[in-house]
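Student: What follows is entry-v1.cif, mmCIF, C-alpha atoms, pLDDT in the B column; chains and numbers go by the auth columns.
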data_final
#
loop_
_atom_site.group_PDB
_atom_site.id
_atom_site.type_symbol
_atom_site.label_atom_id
_atom_site.label_comp_id
_atom_site.label_asym_id
_atom_site.label_seq_id
_atom_site.Cartn_x
_atom_site.Cartn_y
_atom_site.Cartn_z
_atom_site.B_iso_or_equiv
_atom_site.auth_seq_id
_atom_site.auth_asym_id
ATOM 1 C CA MET A 1 1.899 38.149 -21.539 42.00 185 A
ATOM 2 C CA PRO A 2 4.520 37.268 -18.925 42.00 186 A
ATOM 3 C CA SER A 3 6.811 34.354 -19.677 42.00 187 A
ATOM 4 C CA LEU A 4 6.344 31.090 -17.790 40.00 188 A
ATOM 5 C CA ALA A 5 8.709 30.318 -14.960 41.00 189 A
ATOM 6 C CA PRO A 6 11.471 27.876 -15.947 40.00 190 A
ATOM 7 C CA ASP A 7 10.119 25.195 -13.629 44.00 191 A
ATOM 8 C CA ALA A 8 6.490 25.456 -14.745 42.00 192 A
ATOM 9 C CA ASP A 9 4.887 22.297 -16.086 42.00 193 A
ATOM 10 C CA PRO A 10 3.930 22.880 -19.736 40.00 194 A
ATOM 11 C CA HIS A 11 0.367 21.711 -18.977 41.00 195 A
ATOM 12 C CA HIS A 12 -0.075 23.941 -15.939 41.00 196 A
ATOM 13 C CA ASP A 13 0.201 27.689 -16.156 39.00 197 A
ATOM 14 C CA PRO A 14 1.459 29.182 -12.872 38.00 198 A
ATOM 15 C CA HIS A 15 -0.224 32.445 -13.869 36.00 199 A
ATOM 16 C CA HIS A 16 -3.665 30.806 -13.751 35.00 200 A
ATOM 17 C CA LEU A 17 -4.649 29.663 -10.283 36.00 201 A
ATOM 18 C CA SER A 18 -7.984 28.127 -9.454 37.00 202 A
ATOM 19 C CA GLY A 19 -10.207 30.137 -7.148 35.00 203 A
ATOM 20 C CA ARG A 20 -10.959 27.000 -5.141 34.00 204 A
ATOM 21 C CA HIS A 21 -9.720 26.802 -1.581 33.00 205 A
ATOM 22 C CA ASN A 22 -8.279 23.400 -0.821 36.00 206 A
ATOM 23 C CA GLY A 23 -7.785 23.443 2.929 37.00 207 A
ATOM 24 C CA GLY A 24 -5.144 24.886 5.207 37.00 208 A
ATOM 25 C CA MET A 25 -1.485 24.126 5.440 36.00 209 A
ATOM 26 C CA PRO A 26 -0.499 20.903 7.169 36.00 210 A
ATOM 27 C CA SER A 27 0.880 21.535 10.634 34.00 211 A
ATOM 28 C CA SER A 28 4.314 20.148 9.767 36.00 212 A
ATOM 29 C CA PRO A 29 6.763 22.744 8.444 38.00 213 A
ATOM 30 C CA HIS A 30 7.303 22.878 4.689 43.00 214 A
ATOM 31 C CA HIS A 31 10.214 24.824 3.315 43.00 215 A
ATOM 32 C CA PRO A 32 9.711 26.376 -0.092 46.00 216 A
ATOM 33 C CA ALA A 33 12.275 25.587 -2.739 49.00 217 A
ATOM 34 C CA PRO A 34 14.325 28.580 -3.823 50.00 218 A
ATOM 35 C CA ALA A 35 12.910 30.448 -6.774 48.00 219 A
ATOM 36 C CA PRO A 36 14.978 30.550 -9.958 54.00 220 A
ATOM 37 C CA LYS A 37 17.315 33.543 -9.847 56.00 221 A
ATOM 38 C CA ASN A 38 16.260 35.266 -13.078 61.00 222 A
ATOM 39 C CA LEU A 39 12.557 35.789 -12.290 61.00 223 A
ATOM 40 C CA SER A 40 11.009 39.222 -12.029 67.00 224 A
ATOM 41 C CA GLY A 41 9.177 40.060 -8.809 72.00 225 A
ATOM 42 C CA ALA A 42 5.765 39.299 -10.344 67.00 226 A
ATOM 43 C CA ASP A 43 6.919 35.972 -11.795 65.00 227 A
ATOM 44 C CA ALA A 44 8.539 34.967 -8.496 60.00 228 A
ATOM 45 C CA GLU A 45 5.280 35.791 -6.699 66.00 229 A
ATOM 46 C CA ASP A 46 3.291 33.740 -9.248 64.00 230 A
ATOM 47 C CA LEU A 47 5.670 30.812 -8.767 62.00 231 A
ATOM 48 C CA ALA A 48 5.301 31.043 -4.973 69.00 232 A
ATOM 49 C CA LEU A 49 1.494 30.991 -5.352 67.00 233 A
ATOM 50 C CA TYR A 50 1.742 28.040 -7.732 68.00 234 A
ATOM 51 C CA ARG A 51 3.834 26.100 -5.204 73.00 235 A
ATOM 52 C CA GLU A 52 1.426 26.987 -2.413 79.00 236 A
ATOM 53 C CA LYS A 53 -1.458 25.622 -4.493 77.00 237 A
ATOM 54 C CA PHE A 54 0.140 22.160 -4.275 79.00 238 A
ATOM 55 C CA ARG A 55 1.544 22.504 -0.743 86.00 239 A
ATOM 56 C CA CYS A 56 -1.893 23.202 0.770 87.00 240 A
ATOM 57 C CA ARG A 57 -3.214 19.954 -0.743 92.00 241 A
ATOM 58 C CA LEU A 58 -0.624 17.714 0.908 94.00 242 A
ATOM 59 C CA PRO A 59 -1.704 15.147 3.479 94.00 243 A
ATOM 60 C CA GLU A 60 -0.223 15.409 6.977 94.00 244 A
ATOM 61 C CA SER A 61 1.524 12.084 6.379 96.00 245 A
ATOM 62 C CA LEU A 62 1.883 9.517 3.614 97.00 246 A
ATOM 63 C CA ASP A 63 0.200 7.125 6.069 97.00 247 A
ATOM 64 C CA GLU A 64 -3.100 8.830 5.142 97.00 248 A
ATOM 65 C CA LEU A 65 -2.880 7.499 1.568 98.00 249 A
ATOM 66 C CA HIS A 66 -5.098 4.405 1.518 97.00 250 A
ATOM 67 C CA GLY A 67 -6.225 4.408 -2.115 98.00 251 A
ATOM 68 C CA PRO A 68 -6.678 1.281 -4.206 98.00 252 A
ATOM 69 C CA THR A 69 -3.795 -0.905 -5.392 97.00 253 A
ATOM 70 C CA GLN A 70 -5.729 -2.956 -7.950 97.00 254 A
ATOM 71 C CA GLY A 71 -8.787 -2.805 -10.147 98.00 255 A
ATOM 72 C CA VAL A 72 -10.146 0.006 -12.289 98.00 256 A
ATOM 73 C CA VAL A 73 -10.302 3.522 -10.840 97.00 257 A
ATOM 74 C CA GLU A 74 -12.765 6.107 -12.145 96.00 258 A
ATOM 75 C CA LEU A 75 -11.701 9.711 -11.582 96.00 259 A
ATOM 76 C CA PRO A 76 -14.216 12.546 -11.209 95.00 260 A
ATOM 77 C CA LEU A 77 -14.218 15.274 -13.846 92.00 261 A
ATOM 78 C CA HIS A 78 -12.538 17.876 -11.618 93.00 262 A
ATOM 79 C CA MET A 79 -9.386 15.735 -11.897 92.00 263 A
ATOM 80 C CA ALA A 80 -9.814 14.062 -15.280 88.00 264 A
ATOM 81 C CA TRP A 81 -11.080 17.116 -17.158 78.00 265 A
ATOM 82 C CA SER A 82 -8.796 16.766 -20.170 77.00 266 A
ATOM 83 C CA GLY A 83 -8.514 13.084 -20.954 79.00 267 A
ATOM 84 C CA MET A 84 -8.934 9.615 -19.543 86.00 268 A
ATOM 85 C CA THR A 85 -11.324 9.126 -16.648 92.00 269 A
ATOM 86 C CA SER A 86 -10.844 5.371 -16.141 95.00 270 A
ATOM 87 C CA TYR A 87 -7.513 3.785 -15.156 96.00 271 A
ATOM 88 C CA ASP A 88 -6.676 0.083 -14.807 98.00 272 A
ATOM 89 C CA LEU A 89 -4.145 -0.260 -11.988 98.00 273 A
ATOM 90 C CA GLY A 90 -3.016 -3.587 -13.480 97.00 274 A
ATOM 91 C CA LYS A 91 -1.551 -1.700 -16.461 97.00 275 A
ATOM 92 C CA PRO A 92 1.712 0.091 -15.572 96.00 276 A
ATOM 93 C CA ARG A 93 1.225 3.042 -17.949 96.00 277 A
ATOM 94 C CA GLN A 94 -2.328 3.639 -16.755 96.00 278 A
ATOM 95 C CA ARG A 95 -1.243 3.335 -13.112 97.00 279 A
ATOM 96 C CA MET A 96 1.483 5.941 -13.703 97.00 280 A
ATOM 97 C CA GLY A 97 -0.999 8.170 -15.565 95.00 281 A
ATOM 98 C CA LEU A 98 -3.488 7.967 -12.699 96.00 282 A
ATOM 99 C CA TYR A 99 -0.872 8.999 -10.135 97.00 283 A
ATOM 100 C CA ARG A 100 0.396 11.838 -12.317 95.00 284 A
ATOM 101 C CA THR A 101 -3.149 13.128 -12.810 95.00 285 A
ATOM 102 C CA VAL A 102 -4.066 12.903 -9.122 96.00 286 A
ATOM 103 C CA LEU A 103 -0.832 14.618 -8.022 95.00 287 A
ATOM 104 C CA HIS A 104 -1.461 17.505 -10.439 92.00 288 A
ATOM 105 C CA GLU A 105 -5.236 17.848 -10.278 93.00 289 A
ATOM 106 C CA GLY A 106 -6.392 16.222 -7.035 94.00 290 A
ATOM 107 C CA LEU A 107 -7.731 18.270 -4.161 94.00 291 A
ATOM 108 C CA ARG A 108 -6.635 17.651 -0.586 94.00 292 A
ATOM 109 C CA GLU A 109 -9.543 15.272 0.058 96.00 293 A
ATOM 110 C CA ASP A 110 -8.829 13.338 -3.166 96.00 294 A
ATOM 111 C CA LEU A 111 -5.290 12.294 -2.295 96.00 295 A
ATOM 112 C CA PRO A 112 -6.111 9.724 0.457 97.00 296 A
ATOM 113 C CA ARG A 113 -8.915 8.281 -1.672 97.00 297 A
ATOM 114 C CA TYR A 114 -6.965 7.777 -4.909 98.00 298 A
ATOM 115 C CA LEU A 115 -3.315 7.438 -3.839 98.00 299 A
ATOM 116 C CA ASN A 116 -1.825 4.520 -1.914 98.00 300 A
ATOM 117 C CA GLN A 117 1.296 5.073 0.190 98.00 301 A
ATOM 118 C CA ASP A 118 3.057 1.826 -0.812 97.00 302 A
ATOM 119 C CA LEU A 119 2.258 2.299 -4.480 98.00 303 A
ATOM 120 C CA LEU A 120 3.360 5.951 -4.414 97.00 304 A
ATOM 121 C CA LEU A 121 6.687 4.982 -2.836 97.00 305 A
ATOM 122 C CA GLN A 122 7.168 2.204 -5.395 96.00 306 A
ATOM 123 C CA LEU A 123 6.337 4.466 -8.365 97.00 307 A
ATOM 124 C CA TRP A 124 8.122 7.613 -7.168 97.00 308 A
ATOM 125 C CA PRO A 125 11.575 7.135 -8.779 96.00 309 A
ATOM 126 C CA VAL A 126 9.938 7.150 -12.242 96.00 310 A
ATOM 127 C CA LEU A 127 6.815 9.166 -11.399 96.00 311 A
ATOM 128 C CA ARG A 128 8.921 12.106 -10.204 96.00 312 A
ATOM 129 C CA THR A 129 10.265 12.457 -13.767 95.00 313 A
ATOM 130 C CA LEU A 130 6.721 12.620 -15.181 95.00 314 A
ATOM 131 C CA VAL A 131 5.316 15.343 -12.930 94.00 315 A
ATOM 132 C CA GLY A 132 6.189 19.025 -13.142 91.00 316 A
ATOM 133 C CA ARG A 133 9.139 20.343 -11.162 92.00 317 A
ATOM 134 C CA THR A 134 6.880 22.241 -8.794 91.00 318 A
ATOM 135 C CA VAL A 135 4.836 19.146 -7.862 93.00 319 A
ATOM 136 C CA ARG A 136 8.015 17.068 -7.474 94.00 320 A
ATOM 137 C CA THR A 137 9.706 19.674 -5.278 93.00 321 A
ATOM 138 C CA VAL A 138 6.672 20.217 -3.044 93.00 322 A
ATOM 139 C CA TRP A 139 6.209 16.479 -2.410 94.00 323 A
ATOM 140 C CA GLU A 140 9.925 15.748 -1.879 95.00 324 A
ATOM 141 C CA ASP A 141 10.338 18.737 0.450 93.00 325 A
ATOM 142 C CA ALA A 142 7.375 17.572 2.534 94.00 326 A
ATOM 143 C CA PHE A 143 8.101 13.841 2.673 94.00 327 A
ATOM 144 C CA ALA A 144 11.610 12.571 3.346 92.00 328 A
ATOM 145 C CA GLN A 145 10.500 9.057 2.282 92.00 329 A
ATOM 146 C CA LEU A 146 10.077 10.305 -1.292 94.00 330 A
ATOM 147 C CA ALA A 147 13.337 12.235 -1.358 90.00 331 A
ATOM 148 C CA SER A 148 15.223 9.198 -0.037 87.00 332 A
ATOM 149 C CA ARG A 149 13.644 6.945 -2.714 77.00 333 A
ATOM 150 C CA THR A 150 15.007 9.371 -5.285 69.00 334 A
ATOM 151 C CA GLN A 151 18.544 9.196 -3.904 61.00 335 A
ATOM 152 C CA ALA A 152 18.387 5.399 -3.580 56.00 336 A
ATOM 153 C CA ALA A 153 17.300 5.072 -7.223 54.00 337 A
ATOM 154 C CA ALA A 154 20.095 7.331 -8.505 51.00 338 A
#
Step by step, read the file and then write its structure as structure tokens.
Tutor:
Amino acid sequence: MPSLAPDADPHHDPHHLSGRHNGGMPSSPHHPAPAPKNLSGADAEDLALYREKFRCRLPESLDELHGPTQGVVELPLHMAWSGMTSYDLGKPRQRMGLYRTVLHEGLREDLPRYLNQDLLLQLWPVLRTLVGRTVRTVWEDAFAQLASRTQAAA
């Protein structure tokens, strides 16, 4: 069995990609992060596919994210397949867990429904440390607002 790429999230195997198609690439240019230098050709290709899986789910703009900011959110099983399905946005840990789950498991059409732009920007400095490197890199490469929140928090 091939080894996992160094930036792979321990809960997400880059060698196992869903057969689902999640929409085309946004029209804005997205530049892939450089692959780690010590990967074999097959592992580098798997990592590129893993990154693309998240890139093709991105909204055109963070302005599209109009999800709830309060109350209890129920996630469908295609996102919450391995744990909690109900999240109280009034509880900081549950709010962070919801955003982590949606960023990792949500399809393109899920992101505007479950994520809120203002809340994402507010949570990002901590949330970015809770998501896998691939998810973090894809979102920060696509949205300067997130990358700048990271630098401002440092």
Student: Would you please work out which residue, of A:Ala326, A:Ala331, A:Leu249, A:Val319, is nearest to Tyr298 in chain A when using all atoms listed in the file?
Tutor: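 Ranking A:Ala326, A:Ala331, A:Leu249, A:Val319 by distance to Tyr298 in chain A, first place goes to A:Leu249.
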Student: Which residues come within 10 Å of range 257-271 of chain A, counting only C-alpha atoms, excluding same-chain residues fewer than 3 positions away, as a CSV table (one decimal) with C-alpha atoms, in the frame of the given file?
Tutor:
chain,number,residue,atom,x,y,z
A,251,GLY,CA,-6.2,4.4,-2.1
A,252,PRO,CA,-6.7,1.3,-4.2
A,253,THR,CA,-3.8,-0.9,-5.4
A,254,GLN,CA,-5.7,-3.0,-8.0
A,274,GLY,CA,-3.0,-3.6,-13.5
A,275,LYS,CA,-1.6,-1.7,-16.5
A,276,PRO,CA,1.7,0.1,-15.6
A,277,ARG,CA,1.2,3.0,-17.9
A,278,GLN,CA,-2.3,3.6,-16.8
A,279,ARG,CA,-1.2,3.3,-13.1
A,280,MET,CA,1.5,5.9,-13.7
A,281,GLY,CA,-1.0,8.2,-15.6
A,282,LEU,CA,-3.5,8.0,-12.7
A,283,TYR,CA,-0.9,9.0,-10.1
A,285,THR,CA,-3.1,13.1,-12.8
A,286,VAL,CA,-4.1,12.9,-9.1
A,287,LEU,CA,-0.8,14.6,-8.0
A,288,HIS,CA,-1.5,17.5,-10.4
A,289,GLU,CA,-5.2,17.8,-10.3
A,290,GLY,CA,-6.4,16.2,-7.0
A,291,LEU,CA,-7.7,18.3,-4.2
A,294,ASP,CA,-8.8,13.3,-3.2
A,298,TYR,CA,-7.0,7.8,-4.9
Student: Could you tell me which residues the PyMOL selection byres ((chain A and resi 246) around 10) grabs in this file, written as JSON, numbers by chain?
Tutor: {"A": [242, 243, 244, 245, 247, 248, 249, 250, 295, 296, 299, 300, 301, 302, 304, 305, 326, 327, 329, 330]}
Student: Tell me, in Å to one decimal, how far CA of Arg320 in chain A is from CA of Arg292 in chain A.
Tutor: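 About the pair CA of Arg320 in chain A and CA of Arg292 in chain A: they are 16.2 Å apart.
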Student: Counting all atoms listed in the file, which residue out of A:Leu273, A:Lys237, A:Val256, A:Gln306 sits closest to Arg333 in chain A?
Tutor: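 Smallest distance to Arg333 in chain A is found for A:Gln306.
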Student: Report, in Å with one decimal, the straight-line distance from CA of Leu303 in chain A to CA of Arg317 in chain A.
Tutor: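 Separating CA of Leu303 in chain A from CA of Arg317 in chain A is a distance of 20.4 Å.
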